[in-house]
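Data block below; observations after.
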Amino acid sequence: MTGNGSESHAAYYPIRIVSAETGINAITLRAWERRYGLIEPKRTAKGHRLYTEQDIQLIKRVIALLNRGIPISQAQAMLANGEADLDTPLTAAKPSQWQHYRELLQQATQDFDDRLLASTFDEVSQFFPVELALRFLFVPFYRQLRENSTQTLGSARLCFFTSFLQARLAWRLSESGTTPEQPRILLANCTRDSEINLLLLGLLIRQLGLGATRLSGLMALEQIIPLLNECRHWPVAILQIEATPSTERIQQLHKIAAETGCPLFVTGQSSEFDSQLRQQGLVPLGDDYQIAALNVRDIVQGMTA
């Protein structure tokens, strides 16, 4: 925070701006304040948090340490003691904490040990923001299992881990309610594939200050048109489609966009179909879900401005 002599000239930012700037959701920022005293924002007369530029830079330094697999409690101590040299790589004597958790996940899936899987998830969630844990641990491990699914018992282990992670992500998505003033995004899976990537996208959208309504299970495309036309809750929708959508499928998607007038985002497809989808008035989302969430946010804000 700034000193007393410069406080009157400092710029202050609300928590939603800090969350958008740093990529760390408001729930995590509040937890860092309560549990670790890491940041001490000022308060308005109504109790709303206000952050300075110095606070934002501190948060970014913490994120840089977390990205290297250093737990939040250790990162706090390193910053307090001036030990956080972000340019110094981790040595072999101090392996990344991510590697330790990857080994636990490997052991849990190898043995189909749901207790170890749950305890690992809970421990990681205590030390790292969920969006970082997903980006650096759970989603890469899921993709690794998917690549090895042809090995002996590989598909069974993939199903075991997928079921667990999908359930936990769905709970995370639903644990923070939507406020009435938040624009809401409809999320629907129109395939038989897992919803992990769709759920991850929903969590990132929530982090950016938007609401998200998820319809679980296989959703038929013909149900989307009356849903969007009769229930005006959602200004836009994100549909998960096949990696290789057929011509008929793309025409169905075009019909939804044309008859509802809603911006229709699609995810899950191979990038080679992006141009064809754009020609039909659809908005394809790429593999970088952080950028995809930002694109959705920008379009929604442009509609409501």
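Here, A, B, ... name the chains of the structure tokens in the order displayed, residue numbers run from 1 inside each chain, and ligands are numbered from 1 in the same displayed order.
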Closest atom pairs, residues of region 52-150 of chain A within 10 Å of region 192-215 of chain A, only C-alpha atoms, as JSON lines:
```
{"residue": "A:Val130", "atom": "CA", "partner": "A:Leu203", "partner_atom": "CA", "distance": 9.0}
{"residue": "A:Glu131", "atom": "CA", "partner": "A:Leu204", "partner_atom": "CA", "distance": 7.3}
{"residue": "A:Leu134", "atom": "CA", "partner": "A:Leu200", "partner_atom": "CA", "distance": 7.9}
{"residue": "A:Arg135", "atom": "CA", "partner": "A:Leu200", "partner_atom": "CA", "distance": 9.2}
{"residue": "A:Val139", "atom": "CA", "partner": "A:Ile196", "partner_atom": "CA", "distance": 8.2}
{"residue": "A:Tyr142", "atom": "CA", "partner": "A:Ile196", "partner_atom": "CA", "distance": 9.1}
```
| field | Within 10 Å of region 102-114 of chain A using only C-alpha atoms, minus same-chain residues under 4 positions, as a list in words | value | Gln97, Trp98, Ala118, Ser119, Thr120, Phe121, Phe136, Leu137, Phe138, Pro140, Phe141, Tyr142, Leu145, Leu153, Gly154, Ala156, Arg157, Leu158, Cys159, Phe160, Phe161 and Phe164 of chain A
Restricting the output to N, CA, C and O atoms, write the selected residues as an mmCIF file, in the first residue's frame.
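Saved to part_30.cif:
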```cif
data_model
loop_
_atom_site.group_PDB
_atom_site.id
_atom_site.type_symbol
_atom_site.label_atom_id
_atom_site.label_comp_id
_atom_site.auth_asym_id
_atom_site.auth_seq_id
_atom_site.Cartn_x
_atom_site.Cartn_y
_atom_site.Cartn_z
ATOM 1 N N GLN A 97 6.464 -27.879 -6.733
ATOM 2 C CA GLN A 97 5.400 -28.549 -5.991
ATOM 3 C C GLN A 97 4.419 -29.221 -6.956
ATOM 4 O O GLN A 97 3.798 -30.221 -6.611
ATOM 5 N N TRP A 98 4.307 -28.682 -8.166
ATOM 6 C CA TRP A 98 3.421 -29.309 -9.149
ATOM 7 C C TRP A 98 3.839 -30.757 -9.409
ATOM 8 O O TRP A 98 2.991 -31.637 -9.576
ATOM 9 N N ALA A 118 -9.166 -37.351 -3.914
ATOM 10 C CA ALA A 118 -9.909 -36.279 -3.256
ATOM 11 C C ALA A 118 -9.022 -35.481 -2.312
ATOM 12 O O ALA A 118 -9.079 -34.233 -2.283
ATOM 13 N N SER A 119 -8.174 -36.159 -1.538
ATOM 14 C CA SER A 119 -7.314 -35.439 -0.597
ATOM 15 C C SER A 119 -6.284 -34.590 -1.329
ATOM 16 O O SER A 119 -5.941 -33.490 -0.880
ATOM 17 N N THR A 120 -5.800 -35.067 -2.476
ATOM 18 C CA THR A 120 -4.859 -34.274 -3.271
ATOM 19 C C THR A 120 -5.537 -33.035 -3.820
ATOM 20 O O THR A 120 -4.970 -31.931 -3.761
ATOM 21 N N PHE A 121 -6.730 -33.186 -4.351
ATOM 22 C CA PHE A 121 -7.477 -32.041 -4.870
ATOM 23 C C PHE A 121 -7.722 -31.019 -3.767
ATOM 24 O O PHE A 121 -7.531 -29.814 -3.973
ATOM 25 N N PHE A 136 -2.119 -25.701 -14.494
ATOM 26 C CA PHE A 136 -0.788 -26.298 -14.382
ATOM 27 C C PHE A 136 -0.793 -27.738 -13.884
ATOM 28 O O PHE A 136 0.243 -28.393 -13.941
ATOM 29 N N LEU A 137 -1.916 -28.230 -13.405
ATOM 30 C CA LEU A 137 -1.917 -29.570 -12.824
ATOM 31 C C LEU A 137 -3.023 -30.463 -13.378
ATOM 32 O O LEU A 137 -2.747 -31.427 -14.096
ATOM 33 N N PHE A 138 -4.276 -30.140 -13.072
ATOM 34 C CA PHE A 138 -5.356 -31.089 -13.340
ATOM 35 C C PHE A 138 -5.662 -31.260 -14.825
ATOM 36 O O PHE A 138 -5.832 -32.393 -15.299
ATOM 37 N N PRO A 140 -3.613 -30.528 -17.536
ATOM 38 C CA PRO A 140 -2.515 -31.243 -18.216
ATOM 39 C C PRO A 140 -2.484 -32.737 -17.876
ATOM 40 O O PRO A 140 -2.194 -33.559 -18.749
ATOM 41 N N PHE A 141 -2.785 -33.081 -16.621
ATOM 42 C CA PHE A 141 -2.794 -34.498 -16.249
ATOM 43 C C PHE A 141 -3.935 -35.227 -16.956
ATOM 44 O O PHE A 141 -3.771 -36.365 -17.418
ATOM 45 N N TYR A 142 -5.077 -34.574 -17.065
ATOM 46 C CA TYR A 142 -6.209 -35.156 -17.792
ATOM 47 C C TYR A 142 -5.839 -35.415 -19.252
ATOM 48 O O TYR A 142 -6.134 -36.479 -19.806
ATOM 49 N N LEU A 145 -3.573 -38.438 -19.519
ATOM 50 C CA LEU A 145 -4.330 -39.685 -19.437
ATOM 51 C C LEU A 145 -5.061 -39.973 -20.740
ATOM 52 O O LEU A 145 -5.137 -41.124 -21.183
ATOM 53 N N LEU A 153 -5.732 -50.763 -19.372
ATOM 54 C CA LEU A 153 -6.527 -50.073 -18.357
ATOM 55 C C LEU A 153 -6.471 -48.551 -18.506
ATOM 56 O O LEU A 153 -6.965 -47.817 -17.643
ATOM 57 N N GLY A 154 -5.910 -48.059 -19.612
ATOM 58 C CA GLY A 154 -5.806 -46.610 -19.815
ATOM 59 C C GLY A 154 -7.155 -45.938 -19.908
ATOM 60 O O GLY A 154 -7.365 -44.872 -19.308
ATOM 61 N N ALA A 156 -9.969 -46.998 -18.660
ATOM 62 C CA ALA A 156 -10.634 -47.066 -17.351
ATOM 63 C C ALA A 156 -10.089 -45.987 -16.416
ATOM 64 O O ALA A 156 -10.857 -45.336 -15.689
ATOM 65 N N ARG A 157 -8.781 -45.784 -16.444
ATOM 66 C CA ARG A 157 -8.188 -44.748 -15.595
ATOM 67 C C ARG A 157 -8.613 -43.354 -16.054
ATOM 68 O O ARG A 157 -8.823 -42.454 -15.231
ATOM 69 N N LEU A 158 -8.726 -43.178 -17.359
ATOM 70 C CA LEU A 158 -9.209 -41.896 -17.879
ATOM 71 C C LEU A 158 -10.638 -41.643 -17.415
ATOM 72 O O LEU A 158 -10.961 -40.522 -16.969
ATOM 73 N N CYS A 159 -11.495 -42.632 -17.482
ATOM 74 C CA CYS A 159 -12.885 -42.481 -17.021
ATOM 75 C C CYS A 159 -12.934 -42.185 -15.528
ATOM 76 O O CYS A 159 -13.730 -41.348 -15.073
ATOM 77 N N PHE A 160 -12.088 -42.854 -14.758
ATOM 78 C CA PHE A 160 -12.035 -42.660 -13.308
ATOM 79 C C PHE A 160 -11.683 -41.216 -12.977
ATOM 80 O O PHE A 160 -12.371 -40.542 -12.194
ATOM 81 N N PHE A 161 -10.612 -40.699 -13.593
ATOM 82 C CA PHE A 161 -10.169 -39.339 -13.296
ATOM 83 C C PHE A 161 -11.147 -38.316 -13.868
ATOM 84 O O PHE A 161 -11.440 -37.299 -13.224
ATOM 85 N N PHE A 164 -14.219 -37.879 -11.640
ATOM 86 C CA PHE A 164 -13.892 -37.121 -10.431
ATOM 87 C C PHE A 164 -13.732 -35.640 -10.741
ATOM 88 O O PHE A 164 -14.332 -34.782 -10.078
#
```
| message | as a PyMOL selection string, please: every residue in region 70-279 of chain A that DSSP puts in strand (DSSP E). | response | chain A and resi 184-189+211-218+236-240+264-267
| task | May I have the residues within 12 Å of Gly23 (chain A) as a ChimeraX atom specification, using only C-alpha atoms and disregarding those fewer than 3 positions away in the same chain? | result | /A:15-20,26-29,56,59-60,62-64,129-132,203-209,290-291,293-294
| said: If DSSP is run on the backbone, what residues of region 98-296 of chain A are alpha helix (DSSP H)? A reply as a PyMOL selection string would be ideal. | reply: chain A and resi 98-110+114-127+130-133+139-147+154-175+196-207+224-230+247-260+274-279+289-296
